[in-house]
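Participant: First the structure, then my questions, so here it is.
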Amino acid sequence: MQPHDNIPLPDYREYAPDEMRVRAADFLADIRRRHSVREFSDRAVPREVIEDCIRAAGTAPSGANHQPWHFALIGNPDIKAKVRLRAEQEERGFYDGGKAGDEWLDALAPLGTDASKPYLEQAPWLIAIFAQRRGGIETGMTRKNYYVAESVGIATGFLITALHNAGLATLTHTPKPMNFLNEICARPEHERAYILLVAGYPAAGATIPVHSTIKKPFEDIVTIL
Ligand code: IYR
């Protein structure tokens, strides 16, 4: 087989226009129920569910199909405690140590966040997502990767959507700086910690900030030419 050989598109499905409309509207209604959650239950979630969601993320399109991502799945309570400790250290520097700056703190004020991150221990699963600067289509390759941030961002979107579809809540957490995750997860230097995703059931009585429910009107996010 030549590297540029093609095969027939294996599993495309066309829907009649009416069914398309229904499917698009149904998906919209369902994804509108997704909210970032900061209060998690400690109820267990089967690992296979999270693994399938990560498999779904791994189908995302990527630059040269190099799949420049790695997902460190953390369920061990001792490791979660370590992540919380290090994240809260960094976040204290951010919120209380002047690293954030006033403009950033102003932007975050409506969310009510601070340096305390108990959910990093309470939620059953943390997924540390790493972006690989080098790699290639096979594990162990050391070729340059392309459009790394775009690729990992798309895969992360797939992952959040897959977890939501499975009935789980998530938080895209970005402690700043995040390089302590390389150390805890034993990831190499050419990988950059990208997002720490928290996944599990929302706590009973979980709340979300009103600020996060404000979505831009369609007219503001689209131009039809
Ligand atoms: N990393 C901090 C701050 C933070 C930053 C943004 I931009 C947010 O949308 C939310 C939080 C934290 O996780 O608290």
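Each chain in the structure tokens gets a letter, A, B and so on, in the order shown; residues start at 1 in every chain, and ligands are counted from 1 in the order they appear.
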When the cut-off is 8 Å and you count only C-alpha atoms and all ligand atoms, which residues lie near ligand 1, shown as a PyMOL selection string?

Facilitator: chain A and resi 91+94-95+104+107-108+111+113-117+173-176

Participant: Any chance you could list, as a PyMOL selection string, the residues in segment 49-197 of chain A that come up strand (DSSP E or B) when DSSP is run on the backbone?

Facilitator: chain A and resi 69-74+125-132+134-135+143-144+169-173+191-197

Participant: Counting only C-alpha atoms, figure out which residue out of A:Ala81, A:Ile154, A:His164, A:Ile50 gets nearest to His35 of chain A.

Facilitator: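 The answer is A:His164, which sits nearest to His35 of chain A.
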
Participant: Between A:Pro202, A:Pro8, A:Pro118, A:Gly153, single out the one closest to Pro61 of chain A, counting only C-alpha atoms.

Facilitator: A:Gly153

Participant: Compare A:Val83, A:Val198, A:Ala109, A:Ala44 by their minimum atom-to-atom distance to Ser212 of chain A, counting only C-alpha atoms, and give me the closest one.

Facilitator: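 Nearest candidate to Ser212 of chain A out of A:Val83, A:Val198, A:Ala109, A:Ala44: A:Ala109.
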
Participant: Write down as a PDB file with N, CA and C atoms, in the first residue's frame the residues belonging to segment 19-186 of chain A that are assigned helix (DSSP H, G or I) by DSSP computed on the backbone.

Facilitator:
ATOM      1  N   GLU A  19     -35.122  14.830   8.751  1.00  0.00           N
ATOM      2  CA  GLU A  19     -34.441  14.156   9.853  1.00  0.00           C
ATOM      3  C   GLU A  19     -33.204  14.948  10.284  1.00  0.00           C
ATOM      4  N   MET A  20     -32.546  15.540   9.283  1.00  0.00           N
ATOM      5  CA  MET A  20     -31.398  16.413   9.582  1.00  0.00           C
ATOM      6  C   MET A  20     -31.804  17.532  10.517  1.00  0.00           C
ATOM      7  N   ARG A  21     -32.935  18.164  10.196  1.00  0.00           N
ATOM      8  CA  ARG A  21     -33.422  19.283  11.023  1.00  0.00           C
ATOM      9  C   ARG A  21     -33.668  18.814  12.446  1.00  0.00           C
ATOM     10  N   VAL A  22     -34.319  17.671  12.566  1.00  0.00           N
ATOM     11  CA  VAL A  22     -34.638  17.140  13.893  1.00  0.00           C
ATOM     12  C   VAL A  22     -33.346  16.817  14.651  1.00  0.00           C
ATOM     13  N   ARG A  23     -32.425  16.183  13.961  1.00  0.00           N
ATOM     14  CA  ARG A  23     -31.165  15.804  14.628  1.00  0.00           C
ATOM     15  C   ARG A  23     -30.384  17.032  15.072  1.00  0.00           C
ATOM     16  N   ALA A  24     -30.319  18.050  14.205  1.00  0.00           N
ATOM     17  CA  ALA A  24     -29.577  19.271  14.564  1.00  0.00           C
ATOM     18  C   ALA A  24     -30.234  19.954  15.759  1.00  0.00           C
ATOM     19  N   ALA A  25     -31.573  20.020  15.743  1.00  0.00           N
ATOM     20  CA  ALA A  25     -32.293  20.677  16.845  1.00  0.00           C
ATOM     21  C   ALA A  25     -32.164  19.872  18.143  1.00  0.00           C
ATOM     22  N   ASP A  26     -32.221  18.552  18.026  1.00  0.00           N
ATOM     23  CA  ASP A  26     -32.080  17.694  19.211  1.00  0.00           C
ATOM     24  C   ASP A  26     -30.692  17.856  19.828  1.00  0.00           C
ATOM     25  N   PHE A  27     -29.680  17.892  18.957  1.00  0.00           N
ATOM     26  CA  PHE A  27     -28.315  18.037  19.477  1.00  0.00           C
ATOM     27  C   PHE A  27     -28.152  19.385  20.170  1.00  0.00           C
ATOM     28  N   LEU A  28     -28.707  20.423  19.549  1.00  0.00           N
ATOM     29  CA  LEU A  28     -28.642  21.763  20.146  1.00  0.00           C
ATOM     30  C   LEU A  28     -29.278  21.768  21.531  1.00  0.00           C
ATOM     31  N   ALA A  29     -30.476  21.172  21.636  1.00  0.00           N
ATOM     32  CA  ALA A  29     -31.178  21.152  22.927  1.00  0.00           C
ATOM     33  C   ALA A  29     -30.336  20.403  23.960  1.00  0.00           C
ATOM     34  N   ASP A  30     -29.685  19.335  23.519  1.00  0.00           N
ATOM     35  CA  ASP A  30     -28.917  18.543  24.462  1.00  0.00           C
ATOM     36  C   ASP A  30     -27.626  19.244  24.884  1.00  0.00           C
ATOM     37  N   ILE A  31     -26.939  19.865  23.950  1.00  0.00           N
ATOM     38  CA  ILE A  31     -25.653  20.504  24.303  1.00  0.00           C
ATOM     39  C   ILE A  31     -25.915  21.785  25.103  1.00  0.00           C
ATOM     40  N   ARG A  47     -14.686   3.362  35.068  1.00  0.00           N
ATOM     41  CA  ARG A  47     -13.562   3.823  34.255  1.00  0.00           C
ATOM     42  C   ARG A  47     -13.799   3.610  32.763  1.00  0.00           C
ATOM     43  N   GLU A  48     -14.518   2.514  32.423  1.00  0.00           N
ATOM     44  CA  GLU A  48     -14.727   2.232  30.988  1.00  0.00           C
ATOM     45  C   GLU A  48     -15.488   3.353  30.303  1.00  0.00           C
ATOM     46  N   VAL A  49     -16.365   4.023  31.055  1.00  0.00           N
ATOM     47  CA  VAL A  49     -17.129   5.139  30.458  1.00  0.00           C
ATOM     48  C   VAL A  49     -16.169   6.254  30.058  1.00  0.00           C
ATOM     49  N   ILE A  50     -15.280   6.596  30.981  1.00  0.00           N
ATOM     50  CA  ILE A  50     -14.315   7.677  30.700  1.00  0.00           C
ATOM     51  C   ILE A  50     -13.389   7.235  29.568  1.00  0.00           C
ATOM     52  N   GLU A  51     -13.016   5.959  29.581  1.00  0.00           N
ATOM     53  CA  GLU A  51     -12.113   5.470  28.537  1.00  0.00           C
ATOM     54  C   GLU A  51     -12.755   5.588  27.153  1.00  0.00           C
ATOM     55  N   ASP A  52     -14.041   5.252  27.056  1.00  0.00           N
ATOM     56  CA  ASP A  52     -14.709   5.393  25.756  1.00  0.00           C
ATOM     57  C   ASP A  52     -14.782   6.861  25.339  1.00  0.00           C
ATOM     58  N   CYS A  53     -14.977   7.760  26.300  1.00  0.00           N
ATOM     59  CA  CYS A  53     -15.014   9.187  25.968  1.00  0.00           C
ATOM     60  C   CYS A  53     -13.641   9.642  25.469  1.00  0.00           C
ATOM     61  N   ILE A  54     -12.584   9.112  26.059  1.00  0.00           N
ATOM     62  CA  ILE A  54     -11.232   9.449  25.585  1.00  0.00           C
ATOM     63  C   ILE A  54     -11.005   8.860  24.191  1.00  0.00           C
ATOM     64  N   ARG A  55     -11.546   7.638  23.960  1.00  0.00           N
ATOM     65  CA  ARG A  55     -11.448   7.071  22.603  1.00  0.00           C
ATOM     66  C   ARG A  55     -12.148   7.994  21.610  1.00  0.00           C
ATOM     67  N   ALA A  56     -13.287   8.544  22.008  1.00  0.00           N
ATOM     68  CA  ALA A  56     -14.025   9.472  21.129  1.00  0.00           C
ATOM     69  C   ALA A  56     -13.161  10.704  20.848  1.00  0.00           C
ATOM     70  N   ALA A  57     -12.505  11.231  21.876  1.00  0.00           N
ATOM     71  CA  ALA A  57     -11.625  12.394  21.702  1.00  0.00           C
ATOM     72  C   ALA A  57     -10.507  12.067  20.713  1.00  0.00           C
ATOM     73  N   GLY A  63      -3.638  17.998  12.815  1.00  0.00           N
ATOM     74  CA  GLY A  63      -2.657  18.369  11.802  1.00  0.00           C
ATOM     75  C   GLY A  63      -1.872  17.153  11.330  1.00  0.00           C
ATOM     76  N   ALA A  64      -1.932  16.870  10.024  1.00  0.00           N
ATOM     77  CA  ALA A  64      -1.251  15.721   9.401  1.00  0.00           C
ATOM     78  C   ALA A  64      -1.631  14.395  10.065  1.00  0.00           C
ATOM     79  N   ASN A  65      -2.776  14.392  10.731  1.00  0.00           N
ATOM     80  CA  ASN A  65      -3.263  13.219  11.479  1.00  0.00           C
ATOM     81  C   ASN A  65      -2.223  12.697  12.479  1.00  0.00           C
ATOM     82  N   PRO A  77      -6.788   8.415  44.570  1.00  0.00           N
ATOM     83  CA  PRO A  77      -7.010   9.525  45.513  1.00  0.00           C
ATOM     84  C   PRO A  77      -5.722  10.229  45.942  1.00  0.00           C
ATOM     85  N   ASP A  78      -4.626   9.480  46.078  1.00  0.00           N
ATOM     86  CA  ASP A  78      -3.363  10.116  46.496  1.00  0.00           C
ATOM     87  C   ASP A  78      -2.849  11.060  45.411  1.00  0.00           C
ATOM     88  N   ILE A  79      -3.002  10.624  44.162  1.00  0.00           N
ATOM     89  CA  ILE A  79      -2.518  11.484  43.064  1.00  0.00           C
ATOM     90  C   ILE A  79      -3.434  12.696  42.908  1.00  0.00           C
ATOM     91  N   LYS A  80      -4.757  12.477  43.071  1.00  0.00           N
ATOM     92  CA  LYS A  80      -5.681  13.625  43.024  1.00  0.00           C
ATOM     93  C   LYS A  80      -5.328  14.633  44.114  1.00  0.00           C
ATOM     94  N   ALA A  81      -4.982  14.134  45.310  1.00  0.00           N
ATOM     95  CA  ALA A  81      -4.615  15.032  46.417  1.00  0.00           C
ATOM     96  C   ALA A  81      -3.364  15.833  46.061  1.00  0.00           C
ATOM     97  N   LYS A  82      -2.417  15.163  45.399  1.00  0.00           N
ATOM     98  CA  LYS A  82      -1.186  15.842  44.983  1.00  0.00           C
ATOM     99  C   LYS A  82      -1.493  16.937  43.951  1.00  0.00           C
ATOM    100  N   VAL A  83      -2.383  16.605  42.998  1.00  0.00           N
ATOM    101  CA  VAL A  83      -2.768  17.580  41.970  1.00  0.00           C
ATOM    102  C   VAL A  83      -3.423  18.785  42.647  1.00  0.00           C
ATOM    103  N   ARG A  84      -4.315  18.508  43.600  1.00  0.00           N
ATOM    104  CA  ARG A  84      -5.008  19.614  44.278  1.00  0.00           C
ATOM    105  C   ARG A  84      -4.006  20.517  45.006  1.00  0.00           C
ATOM    106  N   LEU A  85      -3.097  19.863  45.717  1.00  0.00           N
ATOM    107  CA  LEU A  85      -2.108  20.623  46.489  1.00  0.00           C
ATOM    108  C   LEU A  85      -1.308  21.552  45.576  1.00  0.00           C
ATOM    109  N   ARG A  86      -0.808  20.997  44.481  1.00  0.00           N
ATOM    110  CA  ARG A  86       0.042  21.798  43.581  1.00  0.00           C
ATOM    111  C   ARG A  86      -0.782  22.849  42.843  1.00  0.00           C
ATOM    112  N   ALA A  87      -2.006  22.487  42.438  1.00  0.00           N
ATOM    113  CA  ALA A  87      -2.864  23.446  41.723  1.00  0.00           C
ATOM    114  C   ALA A  87      -3.207  24.610  42.644  1.00  0.00           C
ATOM    115  N   GLU A  88      -3.538  24.310  43.895  1.00  0.00           N
ATOM    116  CA  GLU A  88      -3.920  25.385  44.818  1.00  0.00           C
ATOM    117  C   GLU A  88      -2.727  26.289  45.128  1.00  0.00           C
ATOM    118  N   GLN A  89      -1.523  25.683  45.180  1.00  0.00           N
ATOM    119  CA  GLN A  89      -0.312  26.507  45.357  1.00  0.00           C
ATOM    120  C   GLN A  89      -0.192  27.519  44.220  1.00  0.00           C
ATOM    121  N   GLU A  90      -0.331  27.013  42.991  1.00  0.00           N
ATOM    122  CA  GLU A  90      -0.199  27.899  41.822  1.00  0.00           C
ATOM    123  C   GLU A  90      -1.320  28.929  41.808  1.00  0.00           C
ATOM    124  N   GLU A  91      -2.527  28.484  42.151  1.00  0.00           N
ATOM    125  CA  GLU A  91      -3.675  29.381  42.091  1.00  0.00           C
ATOM    126  C   GLU A  91      -3.592  30.479  43.154  1.00  0.00           C
ATOM    127  N   ARG A  92      -2.943  30.184  44.283  1.00  0.00           N
ATOM    128  CA  ARG A  92      -2.756  31.238  45.291  1.00  0.00           C
ATOM    129  C   ARG A  92      -1.852  32.339  44.728  1.00  0.00           C
ATOM    130  N   GLY A  93      -0.844  31.927  43.977  1.00  0.00           N
ATOM    131  CA  GLY A  93       0.026  32.915  43.317  1.00  0.00           C
ATOM    132  C   GLY A  93      -0.752  33.732  42.305  1.00  0.00           C
ATOM    133  N   PHE A  94      -1.690  33.074  41.647  1.00  0.00           N
ATOM    134  CA  PHE A  94      -2.503  33.730  40.613  1.00  0.00           C
ATOM    135  C   PHE A  94      -3.493  34.707  41.241  1.00  0.00           C
ATOM    136  N   TYR A  95      -4.290  34.206  42.185  1.00  0.00           N
ATOM    137  CA  TYR A  95      -5.372  35.031  42.754  1.00  0.00           C
ATOM    138  C   TYR A  95      -4.860  36.012  43.805  1.00  0.00           C
ATOM    139  N   ASP A 102      -5.268  42.984  37.737  1.00  0.00           N
ATOM    140  CA  ASP A 102      -6.628  43.443  38.062  1.00  0.00           C
ATOM    141  C   ASP A 102      -7.636  43.161  36.949  1.00  0.00           C
ATOM    142  N   GLU A 103      -7.206  43.343  35.696  1.00  0.00           N
ATOM    143  CA  GLU A 103      -8.156  43.166  34.587  1.00  0.00           C
ATOM    144  C   GLU A 103      -8.667  41.728  34.559  1.00  0.00           C
ATOM    145  N   TRP A 104      -7.750  40.781  34.747  1.00  0.00           N
ATOM    146  CA  TRP A 104      -8.119  39.359  34.728  1.00  0.00           C
ATOM    147  C   TRP A 104      -9.021  39.045  35.927  1.00  0.00           C
ATOM    148  N   LEU A 105      -8.644  39.535  37.105  1.00  0.00           N
ATOM    149  CA  LEU A 105      -9.463  39.273  38.305  1.00  0.00           C
ATOM    150  C   LEU A 105     -10.863  39.861  38.138  1.00  0.00           C
ATOM    151  N   ASP A 106     -10.952  41.040  37.511  1.00  0.00           N
ATOM    152  CA  ASP A 106     -12.260  41.667  37.231  1.00  0.00           C
ATOM    153  C   ASP A 106     -13.109  40.771  36.343  1.00  0.00           C
ATOM    154  N   ALA A 107     -12.460  40.189  35.321  1.00  0.00           N
ATOM    155  CA  ALA A 107     -13.188  39.332  34.368  1.00  0.00           C
ATOM    156  C   ALA A 107     -13.695  38.073  35.058  1.00  0.00           C
ATOM    157  N   LEU A 108     -12.958  37.609  36.063  1.00  0.00           N
ATOM    158  CA  LEU A 108     -13.337  36.370  36.757  1.00  0.00           C
ATOM    159  C   LEU A 108     -14.330  36.605  37.891  1.00  0.00           C
ATOM    160  N   ALA A 109     -14.438  37.858  38.348  1.00  0.00           N
ATOM    161  CA  ALA A 109     -15.280  38.147  39.523  1.00  0.00           C
ATOM    162  C   ALA A 109     -16.691  37.557  39.413  1.00  0.00           C
ATOM    163  N   PRO A 110     -17.361  37.659  38.242  1.00  0.00           N
ATOM    164  CA  PRO A 110     -18.726  37.111  38.161  1.00  0.00           C
ATOM    165  C   PRO A 110     -18.800  35.591  38.295  1.00  0.00           C
ATOM    166  N   LEU A 111     -17.651  34.914  38.177  1.00  0.00           N
ATOM    167  CA  LEU A 111     -17.662  33.454  38.332  1.00  0.00           C
ATOM    168  C   LEU A 111     -17.509  33.063  39.799  1.00  0.00           C
ATOM    169  N   TYR A 119     -12.796  20.370  44.349  1.00  0.00           N
ATOM    170  CA  TYR A 119     -13.300  19.402  43.354  1.00  0.00           C
ATOM    171  C   TYR A 119     -12.178  18.546  42.767  1.00  0.00           C
ATOM    172  N   LEU A 120     -10.941  19.024  42.879  1.00  0.00           N
ATOM    173  CA  LEU A 120      -9.836  18.221  42.334  1.00  0.00           C
ATOM    174  C   LEU A 120      -9.652  16.920  43.114  1.00  0.00           C
ATOM    175  N   GLU A 121     -10.180  16.894  44.339  1.00  0.00           N
ATOM    176  CA  GLU A 121     -10.160  15.640  45.103  1.00  0.00           C
ATOM    177  C   GLU A 121     -11.500  14.944  45.109  1.00  0.00           C
ATOM    178  N   GLN A 122     -12.583  15.737  45.075  1.00  0.00           N
ATOM    179  CA  GLN A 122     -13.919  15.133  45.205  1.00  0.00           C
ATOM    180  C   GLN A 122     -14.354  14.386  43.943  1.00  0.00           C
ATOM    181  N   VAL A 148      -0.872  22.160  16.636  1.00  0.00           N
ATOM    182  CA  VAL A 148      -1.019  21.382  17.865  1.00  0.00           C
ATOM    183  C   VAL A 148      -2.151  21.934  18.736  1.00  0.00           C
ATOM    184  N   ALA A 149      -2.151  23.243  18.961  1.00  0.00           N
ATOM    185  CA  ALA A 149      -3.183  23.818  19.848  1.00  0.00           C
ATOM    186  C   ALA A 149      -4.572  23.608  19.257  1.00  0.00           C
ATOM    187  N   GLU A 150      -4.678  23.781  17.929  1.00  0.00           N
ATOM    188  CA  GLU A 150      -5.982  23.587  17.283  1.00  0.00           C
ATOM    189  C   GLU A 150      -6.436  22.131  17.449  1.00  0.00           C
ATOM    190  N   SER A 151      -5.508  21.210  17.183  1.00  0.00           N
ATOM    191  CA  SER A 151      -5.849  19.785  17.220  1.00  0.00           C
ATOM    192  C   SER A 151      -6.274  19.366  18.625  1.00  0.00           C
ATOM    193  N   VAL A 152      -5.506  19.756  19.618  1.00  0.00           N
ATOM    194  CA  VAL A 152      -5.812  19.345  20.992  1.00  0.00           C
ATOM    195  C   VAL A 152      -7.088  20.044  21.465  1.00  0.00           C
ATOM    196  N   GLY A 153      -7.299  21.270  20.999  1.00  0.00           N
ATOM    197  CA  GLY A 153      -8.539  21.971  21.347  1.00  0.00           C
ATOM    198  C   GLY A 153      -9.756  21.241  20.799  1.00  0.00           C
ATOM    199  N   ILE A 154      -9.661  20.784  19.564  1.00  0.00           N
ATOM    200  CA  ILE A 154     -10.788  20.049  18.965  1.00  0.00           C
ATOM    201  C   ILE A 154     -11.011  18.736  19.718  1.00  0.00           C
ATOM    202  N   ALA A 155      -9.934  18.030  20.013  1.00  0.00           N
ATOM    203  CA  ALA A 155     -10.058  16.749  20.743  1.00  0.00           C
ATOM    204  C   ALA A 155     -10.668  16.980  22.124  1.00  0.00           C
ATOM    205  N   THR A 156     -10.292  18.064  22.751  1.00  0.00           N
ATOM    206  CA  THR A 156     -10.851  18.383  24.067  1.00  0.00           C
ATOM    207  C   THR A 156     -12.349  18.673  23.947  1.00  0.00           C
ATOM    208  N   GLY A 157     -12.725  19.351  22.877  1.00  0.00           N
ATOM    209  CA  GLY A 157     -14.147  19.598  22.629  1.00  0.00           C
ATOM    210  C   GLY A 157     -14.918  18.296  22.451  1.00  0.00           C
ATOM    211  N   PHE A 158     -14.326  17.383  21.690  1.00  0.00           N
ATOM    212  CA  PHE A 158     -14.955  16.055  21.534  1.00  0.00           C
ATOM    213  C   PHE A 158     -15.115  15.388  22.907  1.00  0.00           C
ATOM    214  N   LEU A 159     -14.068  15.477  23.712  1.00  0.00           N
ATOM    215  CA  LEU A 159     -14.073  14.805  25.019  1.00  0.00           C
ATOM    216  C   LEU A 159     -15.162  15.387  25.927  1.00  0.00           C
ATOM    217  N   ILE A 160     -15.244  16.689  25.976  1.00  0.00           N
ATOM    218  CA  ILE A 160     -16.267  17.342  26.814  1.00  0.00           C
ATOM    219  C   ILE A 160     -17.659  16.941  26.328  1.00  0.00           C
ATOM    220  N   THR A 161     -17.833  16.909  25.009  1.00  0.00           N
ATOM    221  CA  THR A 161     -19.133  16.551  24.439  1.00  0.00           C
ATOM    222  C   THR A 161     -19.462  15.086  24.726  1.00  0.00           C
ATOM    223  N   ALA A 162     -18.462  14.225  24.608  1.00  0.00           N
ATOM    224  CA  ALA A 162     -18.677  12.790  24.875  1.00  0.00           C
ATOM    225  C   ALA A 162     -19.053  12.569  26.338  1.00  0.00           C
ATOM    226  N   LEU A 163     -18.372  13.267  27.246  1.00  0.00           N
ATOM    227  CA  LEU A 163     -18.670  13.115  28.674  1.00  0.00           C
ATOM    228  C   LEU A 163     -20.073  13.636  28.980  1.00  0.00           C
ATOM    229  N   HIS A 164     -20.425  14.756  28.371  1.00  0.00           N
ATOM    230  CA  HIS A 164     -21.782  15.295  28.550  1.00  0.00           C
ATOM    231  C   HIS A 164     -22.817  14.298  28.023  1.00  0.00           C
ATOM    232  N   ASN A 165     -22.531  13.740  26.871  1.00  0.00           N
ATOM    233  CA  ASN A 165     -23.443  12.767  26.258  1.00  0.00           C
ATOM    234  C   ASN A 165     -23.628  11.538  27.149  1.00  0.00           C
ATOM    235  N   PHE A 180       3.386  21.615  36.535  1.00  0.00           N
ATOM    236  CA  PHE A 180       3.513  20.615  37.604  1.00  0.00           C
ATOM    237  C   PHE A 180       2.841  19.303  37.196  1.00  0.00           C
ATOM    238  N   LEU A 181       1.918  19.380  36.238  1.00  0.00           N
ATOM    239  CA  LEU A 181       1.229  18.158  35.786  1.00  0.00           C
ATOM    240  C   LEU A 181       2.183  17.229  35.038  1.00  0.00           C
ATOM    241  N   ASN A 182       3.178  17.796  34.343  1.00  0.00           N
ATOM    242  CA  ASN A 182       4.179  16.938  33.682  1.00  0.00           C
ATOM    243  C   ASN A 182       4.873  16.056  34.708  1.00  0.00           C
ATOM    244  N   GLU A 183       5.229  16.683  35.826  1.00  0.00           N
ATOM    245  CA  GLU A 183       5.946  15.965  36.881  1.00  0.00           C
ATOM    246  C   GLU A 183       5.045  14.875  37.484  1.00  0.00           C
ATOM    247  N   ILE A 184       3.826  15.243  37.861  1.00  0.00           N
ATOM    248  CA  ILE A 184       2.935  14.285  38.526  1.00  0.00           C
ATOM    249  C   ILE A 184       2.566  13.138  37.584  1.00  0.00           C
ATOM    250  N   CYS A 185       2.346  13.459  36.314  1.00  0.00           N
ATOM    251  CA  CYS A 185       1.904  12.434  35.352  1.00  0.00           C
ATOM    252  C   CYS A 185       3.075  11.801  34.611  1.00  0.00           C
TER     253      CYS A 185
END

Participant: Please measure the separation of atom CA of Ala16 of chain A and atom CA of Phe218 of chain A, giving the value in Å to one decimal.

Facilitator: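 Calculated distance between atom CA of Ala16 of chain A and atom CA of Phe218 of chain A is 25.2 Å.
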
Participant: If you measure from atom CA of Leu171 of chain A to atom CA of His70 of chain A, what distance in Å do you get, rounded to one decimal?

Facilitator: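 It comes out at 18.0 Å.
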